[in-house]
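Dumped data.cif below, it's mmCIF, C-alpha atoms:
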data_input
#
loop_
_atom_site.group_PDB
_atom_site.id
_atom_site.type_symbol
_atom_site.label_atom_id
_atom_site.label_comp_id
_atom_site.auth_asym_id
_atom_site.auth_seq_id
_atom_site.Cartn_x
_atom_site.Cartn_y
_atom_site.Cartn_z
ATOM 1 C CA MET A 900 8.055 0.332 -19.628
ATOM 2 C CA SER A 901 5.608 -1.062 -22.120
ATOM 3 C CA GLU A 902 5.892 0.382 -25.635
ATOM 4 C CA GLU A 903 2.101 0.350 -26.060
ATOM 5 C CA TRP A 904 0.326 3.646 -25.637
ATOM 6 C CA THR A 905 -2.958 4.935 -24.300
ATOM 7 C CA LYS A 906 -4.563 8.071 -25.695
ATOM 8 C CA GLU A 907 -2.904 10.114 -22.939
ATOM 9 C CA GLY A 908 0.493 8.428 -22.943
ATOM 10 C CA PRO A 909 2.348 5.162 -22.362
ATOM 11 C CA ARG A 910 0.367 2.161 -21.173
ATOM 12 C CA LEU A 911 1.571 1.239 -17.688
ATOM 13 C CA ARG A 912 1.748 -2.186 -16.102
ATOM 14 C CA LEU A 913 0.532 -1.735 -12.530
ATOM 15 C CA GLY A 914 1.156 -4.083 -9.630
ATOM 16 C CA VAL A 915 -1.532 -3.957 -6.940
ATOM 17 C CA ASP A 916 -1.400 -5.706 -3.584
ATOM 18 C CA ILE A 917 -4.721 -6.879 -2.115
ATOM 19 C CA ASP A 918 -4.791 -6.820 1.698
ATOM 20 C CA GLY A 919 -4.658 -3.270 3.015
ATOM 21 C CA THR A 920 -4.283 -1.907 -0.503
ATOM 22 C CA ILE A 921 -7.679 -2.607 -2.059
ATOM 23 C CA LYS A 922 -9.332 -4.562 0.780
ATOM 24 C CA GLN A 923 -10.082 -3.596 4.398
ATOM 25 C CA THR A 924 -8.443 -6.762 5.681
ATOM 26 C CA GLN A 925 -7.345 -5.386 9.055
ATOM 27 C CA ARG A 926 -10.958 -4.560 9.968
ATOM 28 C CA ALA A 927 -12.082 -8.068 8.993
ATOM 29 C CA ALA A 928 -9.203 -9.628 10.924
ATOM 30 C CA VAL A 929 -10.081 -7.777 14.133
ATOM 31 C CA GLU A 930 -13.680 -8.941 13.821
ATOM 32 C CA VAL A 931 -12.635 -12.581 13.343
ATOM 33 C CA PHE A 932 -9.963 -12.506 16.089
ATOM 34 C CA ASN A 933 -12.510 -11.024 18.507
ATOM 35 C CA GLN A 934 -14.957 -13.808 17.743
ATOM 36 C CA GLU A 935 -12.300 -16.505 18.140
ATOM 37 C CA LEU A 936 -10.733 -15.118 21.312
ATOM 38 C CA LYS A 937 -13.957 -13.711 22.811
ATOM 39 C CA ARG A 938 -12.417 -10.255 22.993
ATOM 40 C CA ASP A 939 -13.650 -6.788 22.133
ATOM 41 C CA VAL A 940 -10.505 -5.165 20.760
ATOM 42 C CA ARG A 941 -11.323 -2.109 18.645
ATOM 43 C CA LEU A 942 -9.696 -1.476 15.297
ATOM 44 C CA GLU A 943 -8.111 1.752 16.520
ATOM 45 C CA GLU A 944 -6.338 -0.206 19.281
ATOM 46 C CA VAL A 945 -4.349 -2.126 16.658
ATOM 47 C CA THR A 946 -1.360 0.096 15.972
ATOM 48 C CA THR A 947 0.935 -2.346 14.162
ATOM 49 C CA PHE A 948 0.741 -4.321 10.927
ATOM 50 C CA HIS A 949 0.326 -7.617 12.798
ATOM 51 C CA LEU A 950 -2.360 -8.150 15.437
ATOM 52 C CA ASP A 951 -0.111 -9.876 17.992
ATOM 53 C CA GLU A 952 0.485 -6.927 20.296
ATOM 54 C CA ALA A 953 -3.141 -5.834 20.484
ATOM 55 C CA TYR A 954 -4.197 -9.341 21.538
ATOM 56 C CA GLY A 955 -1.260 -10.079 23.834
ATOM 57 C CA LEU A 956 0.050 -12.867 21.592
ATOM 58 C CA THR A 957 3.601 -13.834 20.804
ATOM 59 C CA PRO A 958 4.550 -13.585 17.123
ATOM 60 C CA LYS A 959 4.440 -17.375 16.889
ATOM 61 C CA GLU A 960 0.988 -17.552 18.496
ATOM 62 C CA GLY A 961 -0.256 -14.755 16.264
ATOM 63 C CA ALA A 962 1.026 -16.422 13.111
ATOM 64 C CA ARG A 963 -0.523 -19.745 14.085
ATOM 65 C CA LEU A 964 -3.902 -18.147 14.800
ATOM 66 C CA TRP A 965 -3.786 -16.169 11.546
ATOM 67 C CA ARG A 966 -3.202 -19.352 9.546
ATOM 68 C CA LYS A 967 -6.164 -20.970 11.260
ATOM 69 C CA LEU A 968 -8.488 -18.029 10.649
ATOM 70 C CA GLU A 969 -7.245 -16.607 7.346
ATOM 71 C CA PRO A 970 -9.860 -18.257 5.087
ATOM 72 C CA LYS A 971 -12.610 -16.549 7.083
ATOM 73 C CA ILE A 972 -10.681 -13.271 7.214
ATOM 74 C CA TYR A 973 -10.179 -13.269 3.448
ATOM 75 C CA GLN A 974 -13.845 -14.021 2.807
ATOM 76 C CA LEU A 975 -14.961 -11.113 4.969
ATOM 77 C CA GLY A 976 -14.247 -7.476 4.469
ATOM 78 C CA VAL A 977 -15.073 -4.970 1.811
ATOM 79 C CA PRO A 978 -12.903 -3.044 -0.644
ATOM 80 C CA LEU A 979 -11.306 0.248 0.208
ATOM 81 C CA GLU A 980 -13.585 3.021 -0.962
ATOM 82 C CA ASN A 981 -13.656 3.351 -4.764
ATOM 83 C CA ALA A 982 -10.810 0.850 -5.229
ATOM 84 C CA ALA A 983 -12.656 -1.295 -7.773
ATOM 85 C CA GLU A 984 -14.008 1.721 -9.645
ATOM 86 C CA ALA A 985 -10.542 3.294 -9.820
ATOM 87 C CA LEU A 986 -8.819 0.175 -11.132
ATOM 88 C CA ASN A 987 -11.541 -0.401 -13.708
ATOM 89 C CA GLN A 988 -11.138 3.203 -14.846
ATOM 90 C CA LEU A 989 -7.396 2.674 -15.291
ATOM 91 C CA VAL A 990 -8.069 -0.440 -17.365
ATOM 92 C CA ARG A 991 -10.505 1.527 -19.530
ATOM 93 C CA GLU A 992 -7.727 4.067 -20.053
ATOM 94 C CA GLY A 993 -5.489 1.302 -21.366
ATOM 95 C CA HIS A 994 -3.374 0.347 -18.376
ATOM 96 C CA GLU A 995 -2.844 -3.236 -17.185
ATOM 97 C CA ILE A 996 -3.532 -4.427 -13.630
ATOM 98 C CA PHE A 997 -1.716 -7.312 -11.939
ATOM 99 C CA PHE A 998 -2.844 -8.411 -8.469
ATOM 100 C CA VAL A 999 0.250 -9.517 -6.544
ATOM 101 C CA THR A 1000 -0.347 -10.890 -3.058
ATOM 102 C CA ALA A 1001 1.643 -12.772 -0.441
ATOM 103 C CA ARG A 1002 -1.443 -14.821 0.448
ATOM 104 C CA PRO A 1003 -0.536 -18.514 0.323
ATOM 105 C CA GLY A 1004 -1.241 -20.114 -3.027
ATOM 106 C CA MET A 1005 -3.202 -23.045 -1.609
ATOM 107 C CA ARG A 1006 -6.212 -23.931 -3.732
ATOM 108 C CA HIS A 1007 -8.897 -22.903 -1.246
ATOM 109 C CA ILE A 1008 -7.211 -19.559 -0.492
ATOM 110 C CA THR A 1009 -6.774 -18.910 -4.204
ATOM 111 C CA GLU A 1010 -10.459 -19.629 -4.848
ATOM 112 C CA ILE A 1011 -11.527 -17.363 -1.980
ATOM 113 C CA THR A 1012 -9.365 -14.602 -3.441
ATOM 114 C CA LYS A 1013 -10.659 -15.032 -6.981
ATOM 115 C CA ASN A 1014 -14.259 -15.066 -5.767
ATOM 116 C CA TRP A 1015 -13.735 -11.909 -3.705
ATOM 117 C CA LEU A 1016 -12.185 -10.010 -6.620
ATOM 118 C CA SER A 1017 -15.055 -11.072 -8.871
ATOM 119 C CA ARG A 1018 -17.764 -10.364 -6.292
ATOM 120 C CA TYR A 1019 -16.631 -6.770 -5.948
ATOM 121 C CA HIS A 1020 -16.092 -6.302 -9.684
ATOM 122 C CA PHE A 1021 -12.352 -5.741 -9.736
ATOM 123 C CA PRO A 1022 -10.654 -6.045 -13.151
ATOM 124 C CA PHE A 1023 -9.686 -9.687 -12.577
ATOM 125 C CA ASN A 1024 -9.465 -11.639 -15.830
ATOM 126 C CA GLY A 1025 -8.444 -15.065 -14.539
ATOM 127 C CA LYS A 1026 -4.803 -14.577 -15.472
ATOM 128 C CA ASN A 1027 -3.688 -11.482 -13.590
ATOM 129 C CA LEU A 1028 -3.586 -12.847 -10.016
ATOM 130 C CA PHE A 1029 -0.249 -13.904 -8.539
ATOM 131 C CA MET A 1030 -0.594 -15.725 -5.214
ATOM 132 C CA GLY A 1031 2.186 -16.690 -2.802
ATOM 133 C CA SER A 1032 4.265 -13.657 -3.767
ATOM 134 C CA GLN A 1033 6.485 -13.433 -0.703
ATOM 135 C CA ASP A 1034 9.103 -11.750 -2.884
ATOM 136 C CA LYS A 1035 6.978 -9.155 -4.610
ATOM 137 C CA ALA A 1036 10.021 -7.435 -6.065
ATOM 138 C CA ALA A 1037 10.955 -10.589 -7.976
ATOM 139 C CA VAL A 1038 7.400 -10.915 -9.277
ATOM 140 C CA ALA A 1039 7.343 -7.237 -10.240
ATOM 141 C CA MET A 1040 10.561 -7.627 -12.210
ATOM 142 C CA ARG A 1041 9.367 -10.817 -13.897
ATOM 143 C CA LEU A 1042 6.164 -9.065 -14.973
ATOM 144 C CA SER A 1043 8.018 -5.878 -16.003
ATOM 145 C CA LEU A 1044 5.774 -3.761 -13.802
ATOM 146 C CA ASP A 1045 6.100 0.003 -14.082
ATOM 147 C CA LEU A 1046 4.546 0.864 -10.718
ATOM 148 C CA PHE A 1047 3.495 -1.005 -7.582
ATOM 149 C CA PHE A 1048 0.833 -0.076 -4.993
ATOM 150 C CA GLU A 1049 1.589 -1.531 -1.535
ATOM 151 C CA ASP A 1050 0.793 -0.907 2.139
ATOM 152 C CA ALA A 1051 2.996 -3.299 4.149
ATOM 153 C CA PRO A 1052 6.346 -1.899 5.353
ATOM 154 C CA TYR A 1053 8.168 -5.197 4.815
ATOM 155 C CA HIS A 1054 7.148 -5.368 1.163
ATOM 156 C CA LEU A 1055 7.753 -1.645 0.691
ATOM 157 C CA ASP A 1056 11.338 -2.292 1.782
ATOM 158 C CA ARG A 1057 11.851 -5.181 -0.626
ATOM 159 C CA LEU A 1058 10.265 -3.367 -3.564
ATOM 160 C CA THR A 1059 12.240 -0.172 -3.118
ATOM 161 C CA GLU A 1060 15.508 -2.037 -2.520
ATOM 162 C CA ALA A 1061 14.975 -3.676 -5.906
ATOM 163 C CA GLY A 1062 14.366 -0.310 -7.543
ATOM 164 C CA ILE A 1063 10.664 -0.909 -8.259
ATOM 165 C CA PRO A 1064 8.750 2.404 -8.431
ATOM 166 C CA THR A 1065 6.377 2.070 -5.490
ATOM 167 C CA VAL A 1066 3.414 3.970 -4.076
ATOM 168 C CA ILE A 1067 2.393 3.691 -0.432
ATOM 169 C CA VAL A 1068 -1.311 3.105 0.138
ATOM 170 C CA ASP A 1069 -1.867 4.962 3.380
ATOM 171 C CA ALA A 1070 -2.573 2.983 6.559
ATOM 172 C CA PHE A 1071 -2.024 3.744 10.236
ATOM 173 C CA TYR A 1072 0.799 1.182 10.422
ATOM 174 C CA ASN A 1073 2.855 2.736 7.596
ATOM 175 C CA ARG A 1074 2.611 6.449 8.439
ATOM 176 C CA ASP A 1075 6.064 6.383 10.047
ATOM 177 C CA TYR A 1076 7.625 4.623 7.064
ATOM 178 C CA PRO A 1077 11.004 6.358 6.668
ATOM 179 C CA LYS A 1078 11.467 6.331 2.901
ATOM 180 C CA LEU A 1079 10.118 9.255 0.897
ATOM 181 C CA LEU A 1080 7.707 7.626 -1.534
ATOM 182 C CA PRO A 1081 4.511 8.811 -3.208
ATOM 183 C CA ARG A 1082 1.559 8.138 -0.908
ATOM 184 C CA ILE A 1083 -2.139 7.954 -1.686
ATOM 185 C CA THR A 1084 -4.924 8.265 0.860
ATOM 186 C CA SER A 1085 -7.669 7.405 -1.620
ATOM 187 C CA TRP A 1086 -7.928 5.524 -4.892
ATOM 188 C CA GLU A 1087 -9.028 8.702 -6.655
ATOM 189 C CA GLU A 1088 -5.531 9.944 -5.861
ATOM 190 C CA GLY A 1089 -4.182 6.700 -7.301
ATOM 191 C CA VAL A 1090 -5.889 7.350 -10.626
ATOM 192 C CA ARG A 1091 -4.533 10.895 -10.761
ATOM 193 C CA LEU A 1092 -1.028 9.681 -9.951
ATOM 194 C CA VAL A 1093 -1.065 7.079 -12.739
ATOM 195 C CA ARG A 1094 -2.351 9.648 -15.213
ATOM 196 C CA ALA A 1095 0.384 12.083 -14.179
ATOM 197 C CA LEU A 1096 3.091 9.436 -14.439
ATOM 198 C CA SER A 1097 1.876 8.322 -17.846
ATOM 199 C CA GLY A 1098 1.803 11.912 -19.062
ATOM 200 C CA ASN A 1099 5.249 12.666 -17.641
ATOM 201 C CA ARG A 1100 6.718 9.653 -19.381
ATOM 202 C CA MET A 1101 5.175 10.727 -22.665
ATOM 203 C CA SER A 1102 6.629 14.226 -22.344
ATOM 204 C CA SER A 1103 10.104 12.878 -21.572
ATOM 205 C CA LEU A 1104 10.264 10.738 -24.725
#
Using structure tokens, write down the structure that the file contains.
Amino acid sequence: MSEEWTKEGPRLRLGVDIDGTIKQTQRAAVEVFNQELKRDVRLEEVTTFHLDEAYGLTPKEGARLWRKLEPKIYQLGVPLENAAEALNQLVREGHEIFFVTARPGMRHITEITKNWLSRYHFPFNGKNLFMGSQDKAAVAMRLSLDLFFEDAPYHLDRLTEAGIPTVIVDAFYNRDYPKLLPRITSWEEGVRLVRALSGNRMSSL
């Protein structure tokens, strides 16, 4: 934990995923896949993290199509409700935000990601974005993160196996996740959780 303090307690270093955690990526992906495949699949018909099953694709076909369409998918879509406001509030309270995403670190994808964060006024400072983070646990340890917000079951597994304190950002595809972890269904809850954790750490010192 950082030794710097906010007015309420210790300053926390917070890892925040992007897709499904602060951005409605699944909704954008369904829109783009429908356009490409001339389908009319509804968002509620997609019951898994990947879109393969809903579109009758093999995992290989789905991955290939995602790679083709991902620039457009990442450009589209809006933030989860109050995500930007919540993260900016946490920064004002003295906490640090690090955006850690498994998106490929290719230049054009990185620029799309930076532009999206800036367009929606997230607390992106040019230095706190970590692309290509397939092993988010390793990145979290390297950055000495105190808490990580994540939606994807695969990354939840890796983070918890490495002992990284992790919060599930609620999504339909992670509601059966077997590990008992804190879960938020809104970013207002995220702010309250960080404040509680910071206060609890102060009281335990």
So for range 1045-1058 of chain A, what box centre and size do we get, axis-aligned, 3 Å extra on each of the six sides, every listed atom, Å to one decimal, as AutoDock Vina command-line options?
--center_x 6.3 --center_y -2.3 --center_z -4.4 --size_x 17.1 --size_y 12.2 --size_z 25.4
Counting all atoms listed in the file, the option among A:Phe1021, A:Phe1029, A:Tyr1053, A:Phe932 closest to Leu979 in chain A: A:Phe1021
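Note that the spacing between CA of Lys1078 in chain A and CA of Glu995 in chain A amounts to 26.5 Å.
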Let me know the residues the PyMOL selection byres ((chain A and resi 941) around 10) catches in the file above, as an MDAnalysis selection string. chainID A and resid 926 929:930 933 938:940 942:945 953
Determine the residue membership of the PyMOL selection byres ((chain A and resi 1058-1073) around 7) for the file above and supply it as a PyMOL selection string. chain A and resi 920+946-948+1035-1036+1045-1052+1054-1057+1074-1076+1080-1084
Since fewer atoms than expected are present, regenerate N, CA and C atoms for range 1029-1062 of chain A and write them as a PDB file, in the frame of the given file.
ATOM      1  N   PHE A1029      -1.485 -13.203  -8.855  1.00  0.00           N
ATOM      2  CA  PHE A1029      -0.249 -13.904  -8.539  1.00  0.00           C
ATOM      3  C   PHE A1029      -0.193 -14.121  -7.029  1.00  0.00           C
ATOM      4  N   MET A1030      -0.538 -15.348  -6.614  1.00  0.00           N
ATOM      5  CA  MET A1030      -0.594 -15.725  -5.214  1.00  0.00           C
ATOM      6  C   MET A1030       0.795 -16.137  -4.722  1.00  0.00           C
ATOM      7  N   GLY A1031       0.946 -16.198  -3.392  1.00  0.00           N
ATOM      8  CA  GLY A1031       2.186 -16.690  -2.802  1.00  0.00           C
ATOM      9  C   GLY A1031       3.389 -15.838  -3.115  1.00  0.00           C
ATOM     10  N   SER A1032       3.168 -14.548  -3.350  1.00  0.00           N
ATOM     11  CA  SER A1032       4.265 -13.657  -3.767  1.00  0.00           C
ATOM     12  C   SER A1032       4.962 -13.076  -2.543  1.00  0.00           C
ATOM     13  N   GLN A1033       5.718 -13.916  -1.845  1.00  0.00           N
ATOM     14  CA  GLN A1033       6.485 -13.433  -0.703  1.00  0.00           C
ATOM     15  C   GLN A1033       7.567 -12.458  -1.136  1.00  0.00           C
ATOM     16  N   ASP A1034       8.122 -12.671  -2.315  1.00  0.00           N
ATOM     17  CA  ASP A1034       9.103 -11.750  -2.884  1.00  0.00           C
ATOM     18  C   ASP A1034       8.418 -10.976  -4.005  1.00  0.00           C
ATOM     19  N   LYS A1035       7.731  -9.913  -3.622  1.00  0.00           N
ATOM     20  CA  LYS A1035       6.978  -9.155  -4.610  1.00  0.00           C
ATOM     21  C   LYS A1035       7.890  -8.436  -5.595  1.00  0.00           C
ATOM     22  N   ALA A1036       9.082  -8.090  -5.158  1.00  0.00           N
ATOM     23  CA  ALA A1036      10.021  -7.435  -6.065  1.00  0.00           C
ATOM     24  C   ALA A1036      10.383  -8.362  -7.220  1.00  0.00           C
ATOM     25  N   ALA A1037      10.620  -9.635  -6.918  1.00  0.00           N
ATOM     26  CA  ALA A1037      10.955 -10.589  -7.976  1.00  0.00           C
ATOM     27  C   ALA A1037       9.801 -10.752  -8.947  1.00  0.00           C
ATOM     28  N   VAL A1038       8.582 -10.801  -8.410  1.00  0.00           N
ATOM     29  CA  VAL A1038       7.400 -10.915  -9.277  1.00  0.00           C
ATOM     30  C   VAL A1038       7.260  -9.658 -10.119  1.00  0.00           C
ATOM     31  N   ALA A1039       7.456  -8.497  -9.509  1.00  0.00           N
ATOM     32  CA  ALA A1039       7.343  -7.237 -10.240  1.00  0.00           C
ATOM     33  C   ALA A1039       8.342  -7.173 -11.387  1.00  0.00           C
ATOM     34  N   MET A1040       9.548  -7.641 -11.146  1.00  0.00           N
ATOM     35  CA  MET A1040      10.561  -7.627 -12.210  1.00  0.00           C
ATOM     36  C   MET A1040      10.214  -8.631 -13.298  1.00  0.00           C
ATOM     37  N   ARG A1041       9.730  -9.794 -12.904  1.00  0.00           N
ATOM     38  CA  ARG A1041       9.367 -10.817 -13.897  1.00  0.00           C
ATOM     39  C   ARG A1041       8.231 -10.333 -14.791  1.00  0.00           C
ATOM     40  N   LEU A1042       7.306  -9.566 -14.217  1.00  0.00           N
ATOM     41  CA  LEU A1042       6.164  -9.065 -14.973  1.00  0.00           C
ATOM     42  C   LEU A1042       6.439  -7.726 -15.649  1.00  0.00           C
ATOM     43  N   SER A1043       7.643  -7.190 -15.438  1.00  0.00           N
ATOM     44  CA  SER A1043       8.018  -5.878 -16.003  1.00  0.00           C
ATOM     45  C   SER A1043       7.035  -4.789 -15.592  1.00  0.00           C
ATOM     46  N   LEU A1044       6.727  -4.757 -14.296  1.00  0.00           N
ATOM     47  CA  LEU A1044       5.774  -3.761 -13.802  1.00  0.00           C
ATOM     48  C   LEU A1044       6.418  -2.378 -13.759  1.00  0.00           C
ATOM     49  N   ASP A1045       5.631  -1.376 -14.080  1.00  0.00           N
ATOM     50  CA  ASP A1045       6.100   0.003 -14.082  1.00  0.00           C
ATOM     51  C   ASP A1045       5.887   0.693 -12.747  1.00  0.00           C
ATOM     52  N   LEU A1046       4.923   0.216 -11.969  1.00  0.00           N
ATOM     53  CA  LEU A1046       4.546   0.864 -10.718  1.00  0.00           C
ATOM     54  C   LEU A1046       3.850  -0.155  -9.840  1.00  0.00           C
ATOM     55  N   PHE A1047       4.075  -0.039  -8.514  1.00  0.00           N
ATOM     56  CA  PHE A1047       3.495  -1.005  -7.582  1.00  0.00           C
ATOM     57  C   PHE A1047       2.826  -0.254  -6.440  1.00  0.00           C
ATOM     58  N   PHE A1048       1.584  -0.642  -6.115  1.00  0.00           N
ATOM     59  CA  PHE A1048       0.833  -0.076  -4.993  1.00  0.00           C
ATOM     60  C   PHE A1048       0.868  -1.070  -3.834  1.00  0.00           C
ATOM     61  N   GLU A1049       1.352  -0.627  -2.664  1.00  0.00           N
ATOM     62  CA  GLU A1049       1.589  -1.531  -1.535  1.00  0.00           C
ATOM     63  C   GLU A1049       1.394  -0.771  -0.221  1.00  0.00           C
ATOM     64  N   ASP A1050       0.975  -1.513   0.822  1.00  0.00           N
ATOM     65  CA  ASP A1050       0.793  -0.907   2.139  1.00  0.00           C
ATOM     66  C   ASP A1050       1.760  -1.423   3.193  1.00  0.00           C
ATOM     67  N   ALA A1051       2.241  -2.647   3.076  1.00  0.00           N
ATOM     68  CA  ALA A1051       2.996  -3.299   4.149  1.00  0.00           C
ATOM     69  C   ALA A1051       4.456  -2.860   4.157  1.00  0.00           C
ATOM     70  N   PRO A1052       4.956  -2.373   5.293  1.00  0.00           N
ATOM     71  CA  PRO A1052       6.346  -1.899   5.353  1.00  0.00           C
ATOM     72  C   PRO A1052       7.373  -2.921   4.882  1.00  0.00           C
ATOM     73  N   TYR A1053       7.204  -4.183   5.248  1.00  0.00           N
ATOM     74  CA  TYR A1053       8.168  -5.197   4.815  1.00  0.00           C
ATOM     75  C   TYR A1053       8.264  -5.253   3.293  1.00  0.00           C
ATOM     76  N   HIS A1054       7.132  -5.284   2.626  1.00  0.00           N
ATOM     77  CA  HIS A1054       7.148  -5.368   1.163  1.00  0.00           C
ATOM     78  C   HIS A1054       7.582  -4.046   0.536  1.00  0.00           C
ATOM     79  N   LEU A1055       7.250  -2.928   1.170  1.00  0.00           N
ATOM     80  CA  LEU A1055       7.753  -1.645   0.691  1.00  0.00           C
ATOM     81  C   LEU A1055       9.283  -1.652   0.681  1.00  0.00           C
ATOM     82  N   ASP A1056       9.874  -2.191   1.730  1.00  0.00           N
ATOM     83  CA  ASP A1056      11.338  -2.292   1.782  1.00  0.00           C
ATOM     84  C   ASP A1056      11.885  -3.107   0.621  1.00  0.00           C
ATOM     85  N   ARG A1057      11.326  -4.301   0.411  1.00  0.00           N
ATOM     86  CA  ARG A1057      11.851  -5.181  -0.626  1.00  0.00           C
ATOM     87  C   ARG A1057      11.674  -4.566  -2.026  1.00  0.00           C
ATOM     88  N   LEU A1058      10.527  -3.953  -2.252  1.00  0.00           N
ATOM     89  CA  LEU A1058      10.265  -3.367  -3.564  1.00  0.00           C
ATOM     90  C   LEU A1058      11.215  -2.211  -3.849  1.00  0.00           C
ATOM     91  N   THR A1059      11.379  -1.329  -2.883  1.00  0.00           N
ATOM     92  CA  THR A1059      12.240  -0.172  -3.118  1.00  0.00           C
ATOM     93  C   THR A1059      13.709  -0.572  -3.208  1.00  0.00           C
ATOM     94  N   GLU A1060      14.122  -1.563  -2.433  1.00  0.00           N
ATOM     95  CA  GLU A1060      15.508  -2.037  -2.520  1.00  0.00           C
ATOM     96  C   GLU A1060      15.823  -2.590  -3.899  1.00  0.00           C
ATOM     97  N   ALA A1061      14.792  -3.128  -4.560  1.00  0.00           N
ATOM     98  CA  ALA A1061      14.975  -3.676  -5.906  1.00  0.00           C
ATOM     99  C   ALA A1061      14.788  -2.618  -6.992  1.00  0.00           C
ATOM    100  N   GLY A1062      14.515  -1.384  -6.576  1.00  0.00           N
ATOM    101  CA  GLY A1062      14.366  -0.310  -7.543  1.00  0.00           C
ATOM    102  C   GLY A1062      13.025  -0.272  -8.250  1.00  0.00           C
TER     103      GLY A1062
END
